[in-house]
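What follows is the content of coords12.cif (mmCIF, C-alpha atoms).
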data_run
#
loop_
_atom_site.label_atom_id
_atom_site.label_comp_id
_atom_site.auth_asym_id
_atom_site.auth_seq_id
_atom_site.Cartn_x
_atom_site.Cartn_y
_atom_site.Cartn_z
CA MET A 1 81.14 122.64 -73.09
CA GLY A 2 78.98 120.39 -70.98
CA ARG A 3 79.93 117.22 -72.79
CA SER A 4 82.05 114.53 -71.28
CA PRO A 5 85.05 113.06 -73.12
CA ALA A 6 83.12 109.80 -73.48
CA GLU A 7 80.37 111.61 -75.36
CA ASP A 8 82.96 113.37 -77.47
CA THR A 9 84.36 110.16 -78.87
CA GLN A 10 80.98 108.66 -79.61
CA THR A 11 79.98 111.21 -82.27
CA PRO A 12 76.37 111.39 -81.05
CA GLY A 13 73.90 110.71 -83.80
CA LEU A 14 76.78 109.97 -86.19
CA GLN A 15 76.54 113.59 -87.25
CA PRO A 16 79.71 113.79 -89.39
CA GLU A 17 78.78 110.61 -91.22
CA ARG A 18 75.28 111.85 -92.02
CA THR A 19 76.74 115.12 -93.23
CA ALA A 20 79.16 113.27 -95.53
CA LEU A 21 76.29 111.21 -96.94
CA ALA A 22 74.13 114.30 -97.44
CA TRP A 23 76.98 115.77 -99.47
CA THR A 24 77.30 112.67 -101.65
CA ARG A 25 73.54 112.60 -102.30
CA THR A 26 73.52 116.25 -103.26
CA GLY A 27 76.62 115.96 -105.43
CA LEU A 28 75.35 112.92 -107.29
CA SER A 29 71.89 114.34 -107.98
CA ALA A 30 73.37 117.63 -109.19
CA THR A 31 75.73 115.67 -111.44
CA ALA A 32 72.81 113.70 -112.88
CA ALA A 33 70.77 116.85 -113.50
CA SER A 34 73.69 118.64 -115.16
CA VAL A 35 74.42 115.68 -117.44
CA ILE A 36 70.82 115.68 -118.69
CA LEU A 37 71.03 119.44 -119.17
CA LEU A 38 74.28 118.94 -121.08
CA ARG A 39 72.53 116.50 -123.41
CA VAL A 40 69.74 119.01 -124.13
CA GLY A 41 72.26 121.84 -124.55
CA VAL A 42 74.27 119.83 -127.08
CA ALA A 43 71.08 118.91 -128.98
CA ARG A 44 70.07 122.58 -129.16
CA GLY A 45 73.59 123.73 -129.96
CA SER A 46 73.58 126.20 -127.08
CA LEU A 47 77.13 127.05 -126.04
CA VAL A 48 75.96 128.81 -122.86
CA VAL A 49 73.93 125.84 -121.66
CA VAL A 50 76.76 123.41 -122.47
CA THR A 51 79.26 125.57 -120.56
CA VAL A 52 77.00 126.01 -117.55
CA SER A 53 76.14 122.32 -117.35
CA LEU A 54 79.82 121.32 -117.52
CA ALA A 55 80.64 123.83 -114.77
CA VAL A 56 77.78 122.55 -112.62
CA ALA A 57 78.91 118.96 -113.15
CA ALA A 58 82.44 119.89 -112.04
CA LEU A 59 81.16 121.67 -108.91
CA ALA A 60 78.78 118.85 -108.10
CA LEU A 61 81.56 116.28 -108.35
CA ALA A 62 83.72 118.53 -106.18
CA GLY A 63 80.89 118.54 -103.62
CA PHE A 64 80.71 114.76 -103.78
CA ALA A 65 84.47 114.52 -103.19
CA TYR A 66 84.29 117.12 -100.42
CA GLY A 67 81.65 115.04 -98.66
CA LEU A 68 83.83 111.96 -98.64
CA LEU A 69 87.31 113.48 -98.27
CA GLY A 70 86.20 116.10 -95.75
CA HIS A 71 84.77 113.44 -93.47
CA GLY A 72 88.02 112.95 -91.57
CA GLU A 73 88.35 116.60 -90.71
CA ARG A 74 84.65 116.98 -89.89
CA ARG A 75 84.92 113.97 -87.63
CA SER A 76 88.02 115.14 -85.78
CA ARG A 77 86.61 118.64 -85.32
CA PHE A 78 83.37 117.20 -84.06
CA ASP A 79 85.10 114.89 -81.63
CA ALA A 80 87.07 117.87 -80.32
CA GLY A 81 83.77 119.65 -79.65
CA GLU A 82 84.44 122.25 -82.33
CA SER A 83 82.04 123.63 -84.87
CA ALA A 84 82.80 123.68 -88.56
CA SER A 85 85.25 126.34 -89.70
CA GLY A 86 82.59 128.26 -91.56
CA LEU A 87 80.58 127.21 -94.57
CA SER A 88 83.15 125.83 -97.01
CA LEU A 89 83.81 127.44 -100.37
CA ILE A 90 82.63 124.23 -102.01
CA ALA A 91 79.28 124.56 -100.23
CA ARG A 92 78.78 128.13 -101.37
CA LEU A 93 79.82 127.23 -104.92
CA ASN A 94 77.27 124.43 -104.89
CA VAL A 95 74.54 126.93 -104.02
CA ALA A 96 75.69 128.93 -107.05
CA ALA A 97 75.70 125.73 -109.12
CA ALA A 98 72.07 124.95 -108.25
CA ILE A 99 71.07 128.50 -109.20
CA GLY A 100 73.15 128.25 -112.39
CA LEU A 101 71.36 125.05 -113.35
CA CYS A 102 68.02 126.88 -113.10
CA VAL A 103 69.27 129.96 -114.95
CA ALA A 104 70.49 127.75 -117.80
CA GLY A 105 67.05 126.13 -117.88
CA VAL A 106 65.32 129.50 -118.10
CA LEU A 107 67.64 130.40 -120.99
CA LEU A 108 66.70 127.14 -122.75
CA VAL A 109 63.00 127.95 -122.53
CA ALA A 110 63.54 131.60 -123.47
CA ALA A 111 65.67 130.68 -126.52
CA LYS A 112 62.77 128.68 -127.95
CA TYR A 113 60.70 131.87 -128.05
CA GLY A 114 63.49 133.94 -129.49
CA LEU A 115 64.30 135.70 -126.22
CA GLY A 116 67.85 135.96 -124.98
CA MET B 8 78.42 126.39 -72.73
CA ASP B 9 81.26 127.53 -74.87
CA GLN B 10 82.55 130.88 -73.73
CA GLU B 11 86.12 130.97 -75.01
CA THR B 12 85.19 132.14 -78.48
CA GLU B 13 86.48 135.40 -79.78
CA ASN B 14 84.97 136.23 -83.12
CA GLY B 15 86.56 134.07 -85.73
CA ALA B 16 90.12 134.59 -84.49
CA ARG B 17 90.90 131.38 -82.74
CA PRO B 18 94.31 129.97 -83.51
CA ARG B 19 93.76 126.82 -85.42
CA GLU B 20 95.60 123.61 -84.95
CA ASP B 21 97.81 122.51 -87.80
CA GLN B 22 96.37 119.23 -88.82
CA ALA B 23 96.25 117.72 -92.24
CA ARG B 24 93.28 119.13 -94.09
CA PRO B 25 91.89 116.45 -96.34
CA GLY B 26 89.56 117.41 -99.10
CA THR B 27 88.97 120.72 -100.74
CA GLY B 28 87.50 124.05 -99.83
CA ALA B 29 90.40 125.13 -97.65
CA ALA B 30 90.40 128.75 -98.70
CA GLU B 31 91.58 130.01 -95.33
CA PRO B 32 94.94 131.52 -94.58
CA LYS B 33 97.04 129.56 -92.14
CA GLY B 34 97.30 130.80 -88.60
CA THR B 35 94.14 132.89 -88.44
CA ARG B 36 90.86 131.20 -88.97
CA LEU B 37 88.80 133.41 -91.18
CA ARG B 38 85.32 132.02 -91.22
CA ARG B 39 82.98 132.75 -94.04
CA PRO B 40 80.45 134.10 -94.68
CA ARG B 41 81.58 136.80 -92.27
CA ARG B 42 78.14 138.23 -91.58
CA VAL B 43 77.23 134.93 -89.95
CA TYR B 44 80.28 134.56 -87.74
CA ASP B 45 80.61 138.15 -86.51
CA THR B 46 77.99 137.55 -83.86
CA GLY B 47 77.26 135.32 -80.90
CA ASP B 48 79.30 132.30 -79.85
CA GLU B 49 79.73 128.70 -80.88
CA PRO B 50 76.62 126.53 -80.87
CA ASP B 51 76.77 122.79 -80.28
CA PRO B 52 78.71 121.32 -83.24
CA ARG B 53 75.85 118.90 -83.79
CA PHE B 54 73.58 121.80 -84.66
CA THR B 55 75.97 123.39 -87.14
CA LEU B 56 76.32 120.06 -88.95
CA ALA B 57 72.53 119.67 -88.93
CA ASN B 58 72.17 123.17 -90.38
CA GLU B 59 74.66 122.29 -93.13
CA ARG B 60 72.66 119.17 -93.97
CA THR B 61 69.48 121.23 -94.04
CA LEU B 62 71.09 123.57 -96.56
CA LEU B 63 72.02 120.52 -98.63
CA ALA B 64 68.43 119.27 -98.42
CA TRP B 65 67.20 122.63 -99.78
CA LEU B 66 69.79 122.37 -102.55
CA ARG B 67 68.55 118.91 -103.45
CA THR B 68 65.01 120.29 -103.60
CA ALA B 69 66.24 123.00 -105.96
CA ILE B 70 68.10 120.42 -108.05
CA ALA B 71 64.95 118.29 -108.25
CA PHE B 72 63.04 121.31 -109.57
CA ALA B 73 65.78 121.88 -112.15
CA ALA B 74 65.76 118.21 -113.14
CA ALA B 75 61.97 118.32 -113.56
CA GLY B 76 62.36 121.42 -115.72
CA VAL B 77 64.97 119.75 -117.91
CA GLY B 78 62.62 116.78 -118.17
CA PHE B 79 59.81 119.00 -119.45
CA VAL B 80 62.16 120.68 -121.92
CA ALA B 81 63.24 117.27 -123.21
CA LEU B 82 59.60 116.18 -123.34
CA SER B 83 58.64 119.15 -125.49
CA GLU B 84 61.34 118.04 -127.92
CA LEU B 85 59.98 114.50 -128.34
CA ALA B 86 56.72 115.78 -129.73
CA ASP B 87 55.68 119.24 -130.74
CA LEU B 88 53.88 120.04 -127.53
CA GLY B 89 52.46 123.48 -126.94
CA TRP B 90 53.55 126.44 -124.88
CA LEU B 91 52.02 125.11 -121.68
CA VAL B 92 54.77 122.50 -121.28
CA ASP B 93 57.37 125.22 -121.72
CA LEU B 94 55.56 127.28 -119.09
CA VAL B 95 55.66 124.34 -116.67
CA ALA B 96 59.40 124.02 -117.33
CA PHE B 97 59.84 127.75 -116.75
CA VAL B 98 57.97 127.66 -113.44
CA SER B 99 60.07 124.68 -112.40
CA PHE B 100 63.34 126.49 -113.13
CA VAL B 101 62.30 129.70 -111.43
CA GLY B 102 61.06 127.76 -108.41
CA GLY B 103 64.33 125.84 -108.26
CA GLY B 104 66.50 128.92 -108.47
CA ALA B 105 64.49 130.70 -105.78
CA THR B 106 64.62 127.60 -103.56
CA ALA B 107 68.42 127.45 -103.75
CA ALA B 108 68.85 131.16 -103.06
CA LEU B 109 66.34 131.25 -100.20
CA GLY B 110 67.75 128.02 -98.79
CA TYR B 111 71.14 129.67 -98.50
CA LEU B 112 69.67 132.78 -96.83
CA HIS B 113 67.83 130.44 -94.48
CA TRP B 114 71.11 128.72 -93.58
CA GLN B 115 72.60 132.13 -92.75
CA ARG B 116 69.69 133.19 -90.57
CA VAL B 117 69.57 129.86 -88.74
CA GLU B 118 73.31 129.93 -88.08
CA ARG B 119 73.09 133.47 -86.70
CA ALA B 120 70.07 132.58 -84.57
CA MET B 121 71.88 129.55 -83.16
CA ARG B 122 74.94 131.65 -82.33
CA GLN B 123 72.77 134.21 -80.56
CA ARG B 124 70.70 131.54 -78.78
CA ARG B 125 67.53 132.86 -80.39
CA PRO B 126 64.58 130.80 -81.64
CA LEU B 127 65.08 129.55 -85.19
CA PRO B 128 63.48 131.51 -88.04
CA ALA B 129 60.82 129.98 -90.28
CA PRO B 130 61.98 128.82 -93.72
CA VAL B 131 60.68 131.28 -96.33
CA ALA B 132 61.68 128.90 -99.12
CA ILE B 133 58.88 126.51 -98.21
CA VAL B 134 56.39 129.06 -99.62
CA VAL B 135 58.27 129.05 -102.93
CA VAL B 136 58.34 125.25 -103.04
CA LEU B 137 54.60 125.04 -102.34
CA ALA B 138 53.70 127.79 -104.82
CA ALA B 139 55.87 126.40 -107.61
CA GLY B 140 54.68 122.84 -106.95
CA LEU B 141 51.04 123.91 -106.94
CA ALA B 142 51.49 125.93 -110.13
CA MET B 143 53.09 122.95 -111.83
CA VAL B 144 50.23 120.65 -110.81
CA LEU B 145 47.63 123.16 -112.04
CA LEU B 146 49.40 123.77 -115.35
CA GLY B 147 49.98 120.05 -115.80
CA GLY B 148 46.26 119.49 -115.25
CA MET B 149 45.47 122.10 -117.86
CA ALA B 150 47.83 120.37 -120.28
CA LEU B 151 46.04 117.07 -119.65
CA ILE B 152 42.68 118.65 -120.50
CA GLY B 153 44.26 119.96 -123.68
CA ILE B 154 44.68 123.67 -123.03
CA GLY B 155 47.80 125.13 -124.58
CA LEU B 156 48.59 122.10 -126.67
#
Starting from the file, lay out its structure as structure tokens.
Amino acid sequence: MGRSPAEDTQTPGLQPERTALAWTRTGLSATAASVILLRVGVARGSLVVVTVSLAVAALALAGFAYGLLGHGERRSRFDAGESASGLSLIARLNVAAAIGLCVAGVLLVAAKYGLG
Amino acid sequence: MDQETENGARPREDQARPGTGAAEPKGTRLRRPRRVYDTGDEPDPRFTLANERTLLAWLRTAIAFAAAGVGFVALSELADLGWLVDLVAFVSFVGGGATAALGYLHWQRVERAMRQRRPLPAPVAIVVVLAAGLAMVLLGGMALIGIGL
């Protein structure tokens, strides 16, 4: 790598920190969305929507925790000039959670018209 | 740049792994998704972190669509609004789901392109965001005029 040790310890652009904050933002907004969905699911008595929204809330909170708790490792990897060790399982599960949130919403709308 | 990389099989140092998501066996570093890491060599770590944040930004966009959809569903419960509000909610959910899925595919393609030192691909998901957003504005306008209520 063409970076000097001095550069390595300066975490240029505070990249790991911004990544941690991006995770917390995403986790918190997904949590908020899933809680509102949970409220609607309970009101409609839809077991599927309630289950999905609880699962999404759990994954979103896991993402929030991963952002904060993973910061140390991200930081030390970054300072060693190493890339991340792949896209974490939590990240891929959070993609699934966002899709699940939308699928549950489609089910909510469909149920009103007697579909699904 | 970095030429010591063999595909995904670097011995990894045993340091404490804080946090979650450590689904890798010890000793060998199996990096997932595999179809991203079976090619090229390591990009600047700054760029991989930036790509991860970009994925998260797409996810937040998807979550915002979902939240808007839930909002419309809740709105249609306050008063007996017509089918148009439900259609807006539906478009919002479909747009959100597509945004999340395409955002992930975009992350994969960007990561591969960076590993192969190729120019970055264009984000396909932006078309979905624009189309869904435009549809919601149009349908919302129709609802304001009184169609479908």
What does the PyMOL selection byres ((chain A) within 6 of (chain B)) select in this file, as a short mmCIF file (atom, residue, chain, number, x, y, z; two decimals) with C-alpha atoms, in the coordinates of the input?
data_model
loop_
_atom_site.label_atom_id
_atom_site.label_comp_id
_atom_site.auth_asym_id
_atom_site.auth_seq_id
_atom_site.Cartn_x
_atom_site.Cartn_y
_atom_site.Cartn_z
CA MET A 1 81.14 122.64 -73.09
CA THR A 19 76.74 115.12 -93.23
CA THR A 26 73.52 116.25 -103.26
CA ALA A 33 70.77 116.85 -113.50
CA TYR A 66 84.29 117.12 -100.42
CA LEU A 69 87.31 113.48 -98.27
CA GLY A 70 86.20 116.10 -95.75
CA GLU A 82 84.44 122.25 -82.33
CA SER A 83 82.04 123.63 -84.87
CA SER A 85 85.25 126.34 -89.70
CA GLY A 86 82.59 128.26 -91.56
CA SER A 88 83.15 125.83 -97.01
CA LEU A 89 83.81 127.44 -100.37
CA ILE A 90 82.63 124.23 -102.01
CA ILE A 99 71.07 128.50 -109.20
CA CYS A 102 68.02 126.88 -113.10
CA VAL A 106 65.32 129.50 -118.10
#
task = Tell me which of A:Ala60, A:Ala96, A:Leu37, A:Ala104 sits closest to A:Arg25, counting all atoms listed in the file.
result = A:Ala60
ask   = What's the 7 Å shell around A:Leu59, counting only C-alpha atoms, without same-chain residues fewer than 6 positions away, as a ChimeraX atom specification?
value = /A:93-94,97
Residues from the last selection, C-alpha atoms, saved as a PDB file, keeping the file's coordinate frame:
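In the end it all went to result_8.pdb:
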ATOM      1  CA  LEU A  93      79.820 127.230-104.920  1.00  0.00           C
ATOM      2  CA  ASN A  94      77.270 124.430-104.890  1.00  0.00           C
ATOM      3  CA  ALA A  97      75.700 125.730-109.120  1.00  0.00           C
TER       4      ALA A  97
END
request  = Can you work out the spacing between atom CA of A:Val56 and atom CA of A:Leu101 in Å, to one decimal?
outcome  = 6.9 Å
request  = Quick one: everything within 12 Å of A:Gly45, counting all atoms listed in the file, minus sequence neighbours fewer than 6 positions away in the same chain. Send it as a ChimeraX atom specification.
outcome  = /A:37-39,51,108,111
Restricting the output to C-alpha atoms, write the selected residues as a PDB file, in the coordinates of the input.
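And here is the file that came out, selection-v5.pdb:
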ATOM      1  CA  LEU A  37      71.030 119.440-119.170  1.00  0.00           C
ATOM      2  CA  LEU A  38      74.280 118.940-121.080  1.00  0.00           C
ATOM      3  CA  ARG A  39      72.530 116.500-123.410  1.00  0.00           C
ATOM      4  CA  THR A  51      79.260 125.570-120.560  1.00  0.00           C
ATOM      5  CA  LEU A 108      66.700 127.140-122.750  1.00  0.00           C
ATOM      6  CA  ALA A 111      65.670 130.680-126.520  1.00  0.00           C
TER       7      ALA A 111
END
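Excluding B:Leu146 and any residue on its chain fewer than 4 positions from it, the residues at most 10 Å away by all atoms listed in the file are Leu91, Val92, Leu94, Val95, Val98, Gly140, Leu141, Ala142, Ala150, Leu151, Ile152, Ile154 and Gly155 of chain B.
Considering the residues A:Leu87, A:Leu115, A:Val109, A:Ala62 and counting only C-alpha atoms, A:Arg74 has its shortest atom-to-atom contact with A:Leu87.
Put simply, the PyMOL selection byres ((chain B and resi 116) around 10) on this file hits Arg42, Val43, Gly110, Tyr111, Leu112, His113, Trp114, Gln115, Val117, Glu118, Arg119, Ala120, Met121, Arg122, Leu127, Pro128, Ala129 and Pro130 of chain B.
When atom CA of A:Gly41 is paired with atom CA of A:Lys112, their separation reads 12.2 Å.
Here atom CA of A:Ser34 stands at a distance of 4.9 Å from atom CA of A:Ser53.
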Near-A:Leu21 list (9 Å; all atoms listed in the file; drop same-chain fewer than 5 positions) as a JSON list (two decimals) with C-alpha atoms, in the coordinates of the input:
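Ended up saving to result27.json:
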[["chain", "number", "residue", "atom", "x", "y", "z"],
["A", 16, "PRO", "CA", 79.71, 113.79, -89.39],
["A", 26, "THR", "CA", 73.52, 116.25, -103.26],
["A", 64, "PHE", "CA", 80.71, 114.76, -103.78],
["A", 67, "GLY", "CA", 81.65, 115.04, -98.66],
["A", 68, "LEU", "CA", 83.83, 111.96, -98.64]]
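Checking A:Ala20, A:Val52, A:Leu61, A:Leu14 one by one against A:Ala32, counting all atoms listed in the file, you find the shortest gap at A:Leu61.
Distance check against A:Gly63 using all atoms listed in the file: of A:Gly114, A:Gly27, A:Pro12, A:Gly81, the minimum falls on A:Gly27.
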